[in-house]
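Peer 1: Structure supplied as final_31.txt; contents: compact mmCIF, C-alpha atoms.
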# COMPACT_ATOMS: atom_id res chain seq x y z
CA MET A 13 15.75 -60.79 -35.09
CA LEU A 14 17.50 -57.52 -36.05
CA LYS A 15 14.19 -55.99 -37.16
CA ASP A 16 12.56 -56.87 -33.82
CA ASN A 17 15.41 -55.29 -31.85
CA LYS A 18 15.30 -52.18 -33.99
CA GLY A 19 11.55 -51.91 -33.53
CA ILE A 20 11.83 -52.19 -29.76
CA THR A 21 14.63 -49.61 -29.71
CA MET A 22 12.56 -47.10 -31.66
CA VAL A 23 9.59 -47.54 -29.34
CA ALA A 24 11.81 -47.08 -26.29
CA LEU A 25 13.33 -43.96 -27.83
CA VAL A 26 9.93 -42.44 -28.54
CA ILE A 27 8.76 -43.16 -24.98
CA THR A 28 11.96 -41.67 -23.57
CA VAL A 29 11.54 -38.49 -25.62
CA ILE A 30 7.90 -38.13 -24.50
CA LEU A 31 8.89 -38.55 -20.86
CA LEU A 32 11.63 -35.96 -21.21
CA ILE A 33 9.18 -33.51 -22.75
CA ILE A 34 6.74 -34.05 -19.88
CA LEU A 35 9.47 -33.59 -17.28
CA ALA A 36 10.72 -30.44 -18.98
CA SER A 37 7.19 -29.08 -19.05
CA ILE A 38 6.70 -29.75 -15.34
CA THR A 39 10.05 -28.16 -14.47
CA ALA A 40 9.30 -25.05 -16.54
CA SER A 41 5.87 -24.70 -14.97
CA SER A 42 7.30 -25.07 -11.47
CA GLY A 43 9.96 -22.45 -12.21
CA LEU A 44 7.33 -20.05 -13.56
CA ASN A 45 5.16 -20.46 -10.44
CA THR A 46 8.16 -19.85 -8.21
CA ALA A 47 9.01 -16.65 -10.08
CA GLU A 48 5.41 -15.42 -9.87
CA GLU A 49 5.24 -16.15 -6.14
CA SER A 50 8.51 -14.32 -5.58
CA LYS A 51 7.21 -11.29 -7.48
CA TYR A 52 3.96 -11.36 -5.50
CA TYR A 53 5.62 -11.41 -2.08
CA ASN A 54 8.19 -8.83 -3.16
CA ALA A 55 5.37 -6.46 -4.11
CA ILE A 56 3.73 -6.97 -0.71
CA ALA A 57 7.04 -6.22 1.01
CA GLN A 58 7.35 -2.99 -0.98
CA ILE A 59 3.81 -1.92 -0.07
CA LYS A 60 4.67 -2.47 3.60
CA THR A 61 7.90 -0.51 3.23
CA MET A 62 5.99 2.41 1.74
CA GLN A 63 3.33 2.06 4.44
CA THR A 64 5.99 2.51 7.10
CA LYS A 65 7.27 5.64 5.36
CA VAL A 66 3.76 7.04 5.01
CA ASN A 67 3.14 6.44 8.71
CA GLU A 68 6.26 8.48 9.48
CA LEU A 69 5.09 11.28 7.17
CA TYR A 70 1.70 11.28 8.83
CA GLU A 71 3.27 11.72 12.26
CA GLU A 72 5.12 14.78 10.93
CA TYR A 73 1.92 16.01 9.33
CA SER A 74 -0.22 15.57 12.44
CA THR A 75 2.20 17.34 14.78
CA GLY A 76 3.56 19.98 12.41
CA ASN A 77 2.49 23.54 11.81
CA GLU A 78 0.44 24.59 8.81
CA THR A 79 3.51 25.15 6.64
CA THR A 80 4.84 21.66 7.41
CA GLN A 81 1.46 20.10 6.78
CA ASN A 82 1.14 21.77 3.39
CA GLU A 83 4.65 20.70 2.42
CA ILE A 84 3.89 17.08 3.28
CA LEU A 85 0.58 17.10 1.42
CA GLU A 86 2.37 18.43 -1.66
CA LEU A 87 4.92 15.61 -1.77
CA GLY A 88 4.82 13.54 -4.94
CA LYS A 89 3.02 14.86 -7.98
CA ALA A 90 -0.55 15.38 -9.10
CA ILE A 91 -2.09 12.27 -10.65
CA ALA A 92 -2.84 14.28 -13.78
CA ASP A 93 0.90 14.94 -14.19
CA SER A 94 1.95 11.31 -13.69
CA GLY A 95 1.36 10.11 -17.23
CA LYS A 96 -0.55 7.17 -15.77
CA SER A 97 -3.87 8.73 -14.87
CA ALA A 98 -5.89 5.80 -16.24
CA GLU A 99 -3.89 3.21 -14.30
CA ALA A 100 -4.11 5.32 -11.15
CA GLN A 101 -7.87 5.68 -11.48
CA GLU A 102 -8.29 1.94 -12.02
CA ALA A 103 -6.19 1.14 -8.95
CA TYR A 104 -8.10 3.64 -6.82
CA ASN A 105 -11.48 2.34 -8.03
CA SER A 106 -10.51 -1.20 -7.06
CA VAL A 107 -9.53 -0.20 -3.51
CA GLN A 108 -12.58 2.04 -3.20
CA GLN A 109 -14.83 -0.90 -4.03
CA THR A 110 -13.05 -3.02 -1.43
CA ASP A 111 -13.15 -0.48 1.40
CA ALA A 112 -14.40 3.06 0.81
CA ASN A 113 -13.14 4.21 4.23
CA VAL A 114 -9.59 3.14 3.43
CA ALA A 115 -9.73 4.63 -0.07
CA GLY A 116 -11.13 8.05 0.82
CA ASN A 117 -11.28 10.64 -1.98
CA ILE A 118 -9.03 10.39 -5.00
CA GLU A 119 -8.48 14.18 -4.83
CA ASP A 120 -6.42 13.61 -1.66
CA TYR A 121 -3.91 11.31 -3.40
CA ARG A 122 -0.50 12.17 -4.77
CA TYR A 123 1.52 10.10 -7.23
CA TYR A 124 4.91 8.79 -6.07
CA ASP A 125 6.96 7.19 -8.84
CA VAL A 126 10.08 5.06 -8.42
CA ASN A 127 12.55 7.87 -9.11
CA TYR A 128 10.77 10.30 -6.81
CA ILE A 129 10.75 7.79 -3.94
CA SER A 130 14.45 7.05 -4.40
CA ASN A 131 15.57 10.66 -4.74
CA THR A 132 13.32 12.23 -2.10
CA PHE A 133 13.40 9.60 0.63
CA ASN A 134 16.70 7.88 -0.25
CA MET A 135 14.88 4.56 -0.35
CA SER A 136 16.32 1.66 -2.34
CA GLY A 137 14.62 -1.55 -3.41
CA ILE A 138 11.41 0.17 -4.53
CA ASN A 139 10.52 -0.54 -8.15
CA TYR A 140 6.79 0.20 -8.16
CA ASP A 141 4.83 3.45 -8.39
CA PHE A 142 2.33 4.30 -5.65
CA LEU A 143 -0.70 6.43 -4.93
CA ILE A 144 -0.41 7.92 -1.44
CA ASN A 145 -3.07 9.52 0.75
CA ILE A 146 -1.18 11.00 3.71
CA LYS A 147 -4.32 11.96 5.66
CA LEU A 148 -5.61 8.37 5.65
CA ARG A 149 -2.18 6.67 5.50
CA THR A 150 -3.40 4.75 2.47
CA VAL A 151 -0.87 3.18 0.10
CA ILE A 152 -2.00 1.91 -3.32
CA LEU A 153 0.17 0.00 -5.78
CA VAL A 154 -0.57 1.68 -9.12
CA ASP A 155 -0.05 -1.31 -11.39
CA GLY A 156 -1.19 -3.87 -8.85
CA ILE A 157 0.16 -7.39 -8.45
CA GLU A 158 -1.57 -10.43 -9.91
CA ARG A 159 -1.95 -13.77 -8.23
CA ASN A 160 -4.20 -16.63 -9.33
CA GLY A 161 -6.06 -14.36 -11.72
CA THR A 162 -6.76 -11.61 -9.17
CA ILE A 163 -5.04 -8.21 -9.16
CA TYR A 164 -4.33 -6.66 -5.75
CA TYR A 165 -3.59 -2.98 -5.22
CA ALA A 166 -3.53 -2.50 -1.44
CA LEU A 167 -2.98 -4.44 1.79
CA CYS A 168 -6.69 -4.34 2.59
CA GLN A 169 -7.33 -6.50 -0.50
CA ILE A 170 -4.63 -9.12 0.08
CA PRO A 171 -5.61 -12.34 1.92
CA GLY A 172 -3.85 -12.60 5.25
CA GLU A 173 -2.80 -8.95 5.24
CA GLN A 174 -4.41 -6.11 7.14
CA TYR A 175 -4.59 -2.35 6.85
CA ASN A 176 -2.84 -0.53 9.72
CA VAL A 177 -5.75 -0.54 12.17
CA GLU A 178 -3.59 0.99 14.90
CA TYR A 179 -3.44 4.10 12.75
CA GLN A 180 -7.16 4.42 12.18
CA ASP A 181 -7.35 7.84 13.76
CA GLU A 182 -8.17 10.99 11.89
CA LEU A 183 -6.87 14.50 12.31
CA ILE A 184 -9.90 16.71 12.92
CA GLY A 185 -8.30 20.10 13.29
CA VAL A 186 -6.10 22.49 15.23
CA ILE A 187 -7.32 25.00 17.81
CA VAL A 188 -5.34 27.93 19.20
CA ASP A 189 -6.63 29.58 22.37
CA ASP A 190 -6.28 33.23 23.45
CA LEU A 191 -2.86 32.56 24.96
CA GLY A 192 -1.55 31.06 21.73
CA THR A 193 -1.63 27.51 23.05
CA ARG A 194 -1.94 25.11 20.13
CA SER A 195 -4.12 22.00 20.48
CA THR A 196 -4.40 19.22 17.92
CA ILE A 197 -7.62 17.20 17.90
CA TYR A 198 -7.87 13.61 16.70
CA LEU A 199 -10.71 11.16 16.35
CA TYR A 200 -9.94 7.76 17.89
CA GLY A 201 -12.76 5.40 17.07
CA ASN A 202 -15.61 6.76 19.20
CA SER A 203 -13.65 9.43 21.05
CA GLN A 204 -11.57 12.55 20.54
CA ALA A 205 -8.33 13.62 22.16
CA ILE A 206 -6.50 16.89 22.75
CA THR A 207 -2.72 16.57 22.56
CA GLU A 208 -1.86 19.93 24.12
CA GLY A 209 -3.50 22.84 25.86
CA ASN A 210 -6.23 23.18 28.44
CA ILE A 211 -9.25 23.33 26.16
CA SER A 212 -12.17 21.11 27.05
CA ILE A 213 -14.21 20.00 24.05
CA SER A 214 -17.20 17.71 23.74
CA LEU A 215 -18.62 16.38 20.49
CA ASP A 216 -22.06 14.79 20.64
CA GLY A 217 -21.34 13.42 24.08
CA GLN A 218 -18.30 11.43 22.93
CA GLU A 219 -15.65 10.78 25.53
CA LEU A 220 -12.50 12.92 25.25
CA ARG A 221 -8.95 11.87 26.04
CA ASP A 222 -6.08 14.21 26.80
CA HIS A 223 -2.73 12.84 25.51
CA ARG A 224 -0.86 14.56 28.32
CA GLY A 225 -2.55 12.62 31.07
CA GLY A 226 -3.60 9.58 29.04
CA ASN A 227 -7.24 10.03 30.19
In structure tokens, write the structure found in this file.
Peer 2:
Amino acid sequence: MLKDNKGITMVALVITVILLIILASITASSGLNTAEESKYYNAIAQIKTMQTKVNELYEEYSTGNETTQNEILELGKAIADSGKSAEAQEAYNSVQQTDANVAGNIEDYRYYDVNYISNTFNMSGINYDFLINIKLRTVILVDGIERNGTIYYALCQIPGEQYNVEYQDELIGVIVDDLGTRSTIYLYGNSQAITEGNISISLDGQELRDHRGGN
């Protein structure tokens, strides 16, 4: 009788240990997934934060004089001086393959690392490096963020996210007339607009809008 009880006890103990191992494995896996999801959504939030800042810089760029524009375009550092040229090129290539219009030319990008972002813009909570194209308002996460085996570098690649379509205008140039009146020309989809001045311009029959009158 004692042998039978001991045998049953050992079997129960083994089963209990196996169940505990399975439960611990499930708990660890669940915790890992939660941490990965948190990291993923945190990266998206940081991309959006930088996108907002880039939109602000673009507004300064588009309305500023030539000196201001040059200063803004020189923010950050050259990719070649970043120490992460290979990673930057890989990130750019990925976005370029997704949407060439959003990516533009890599020569127009500047490298913004964590310390530069914090010191220059007084922004906290940013712990990723970015490639920034001010002219196109494009923000690229240099190291990307992985989810379910896929690495994402920009909002245009992330399911459920969208590139800032309301900012899909392009600065064409600046014209100064004989009286010194400065006019800034933008391309809005299929039309152009003049923000200031009394210059009338037509490009291949495209409709023009004047910001002053909203026409």
Peer 1: From the set A:Leu85, A:Met62, A:Ile152, A:Ile146, which residue has the shortest atom-to-atom contact distance to Phe133 (chain A), counting all atoms listed in the file?
Peer 2: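 Using all atoms listed in the file, the shortest distance to Phe133 (chain A) belongs to A:Met62.
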Peer 1: Between CA of Ile129 (chain A) and CA of Lys96 (chain A), measure the distance and give it in Å to one decimal.
Peer 2: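 These atoms are spaced 16.4 Å apart.
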Peer 1: What does the distance from CA of Ser130 (chain A) to CA of Tyr164 (chain A) come to in Å, to one decimal?
Peer 2: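 Taking CA of Ser130 (chain A) as the start and CA of Tyr164 (chain A) as the end point, the length is 23.3 Å.
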Peer 1: Report, in Å to a single decimal, how far apart CA of Leu153 (chain A) and CA of Ala166 (chain A) are.
Peer 2: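 Here the two named atoms are 6.2 Å from each other.
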Peer 1: I need the residue nearest Ile138 (chain A) from this list: A:Ile56, A:Leu31, A:Thr75, A:Ile118. Use all atoms listed in the file for the distance.
Peer 2: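 Result for the nearest residue to Ile138 (chain A): A:Ile56.
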Peer 1: Under the rule that only C-alpha atoms are counted, which of A:Ile144, A:Met22, A:Tyr53, A:Asn77 is the nearest residue to Pro171 (chain A)?
Peer 2: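 Smallest distance to Pro171 (chain A) is found for A:Tyr53.
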Peer 1: Between A:Asn139, A:Ser50, A:Thr28, A:Thr21, which is the closest to Asp155 (chain A) once you count only C-alpha atoms?
Peer 2: A:Asn139
Peer 1: With all atoms listed in the file as the counted atoms, please give the residues lying no more than 12 Å from Gln108 (chain A), apart from itself and same-chain residues fewer than 5 positions off, as a PyMOL selection string.
Peer 2: chain A and resi 101-103+113-118+150+152+165-166+168-169
Peer 1: Would you write out those residues with C-alpha atoms, as a PDB file, keeping the file's coordinate frame?
Peer 2:
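Listing of part_25.pdb after writing:
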ATOM      1  CA  GLN A 101      -7.870   5.680 -11.480  1.00  0.00           C
ATOM      2  CA  GLU A 102      -8.290   1.940 -12.020  1.00  0.00           C
ATOM      3  CA  ALA A 103      -6.190   1.140  -8.950  1.00  0.00           C
ATOM      4  CA  ASN A 113     -13.140   4.210   4.230  1.00  0.00           C
ATOM      5  CA  VAL A 114      -9.590   3.140   3.430  1.00  0.00           C
ATOM      6  CA  ALA A 115      -9.730   4.630  -0.070  1.00  0.00           C
ATOM      7  CA  GLY A 116     -11.130   8.050   0.820  1.00  0.00           C
ATOM      8  CA  ASN A 117     -11.280  10.640  -1.980  1.00  0.00           C
ATOM      9  CA  ILE A 118      -9.030  10.390  -5.000  1.00  0.00           C
ATOM     10  CA  THR A 150      -3.400   4.750   2.470  1.00  0.00           C
ATOM     11  CA  ILE A 152      -2.000   1.910  -3.320  1.00  0.00           C
ATOM     12  CA  TYR A 165      -3.590  -2.980  -5.220  1.00  0.00           C
ATOM     13  CA  ALA A 166      -3.530  -2.500  -1.440  1.00  0.00           C
ATOM     14  CA  CYS A 168      -6.690  -4.340   2.590  1.00  0.00           C
ATOM     15  CA  GLN A 169      -7.330  -6.500  -0.500  1.00  0.00           C
TER      16      GLN A 169
END
Peer 1: How big is the axis-aligned box, and where does its centre sit, when it encloses all atoms of region 55-65 of chain A listed in the file and has 5 Å added on every side, reported in Å to one decimal as JSON?
Peer 2:
{"center_x": 5.6, "center_y": -0.7, "center_z": 1.5, "size_x": 14.6, "size_y": 22.6, "size_z": 21.2}
Peer 1: With a distance cut-off of 10 Å and all atoms listed in the file, select the neighbouring residues of Tyr73 (chain A), excluding the residue or stretch itself and same-chain residues fewer than 3 positions from it, and output the selection as a list in words.
Peer 2: Asn67, Glu68, Leu69, Tyr70, Gly76, Asn77, Glu78, Thr79, Thr80, Gln81, Asn82, Glu83, Ile84, Leu85, Ile146, Lys147 and Leu183 of chain A
Peer 1: Under the rule that all atoms listed in the file are counted, which of A:Tyr121, A:Val154, A:Ile34, A:Ala98 is the nearest residue to Ile59 (chain A)?
Peer 2: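 Distance minimum relative to Ile59 (chain A) lands on A:Val154.
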Peer 1: Just checking: using only C-alpha atoms, which residue out of A:Lys89, A:Lys60, A:Arg149, A:Lys65 ends up closest to Leu167 (chain A)?
Peer 2: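 With only C-alpha atoms as the atom set, the closest residue is A:Lys60.
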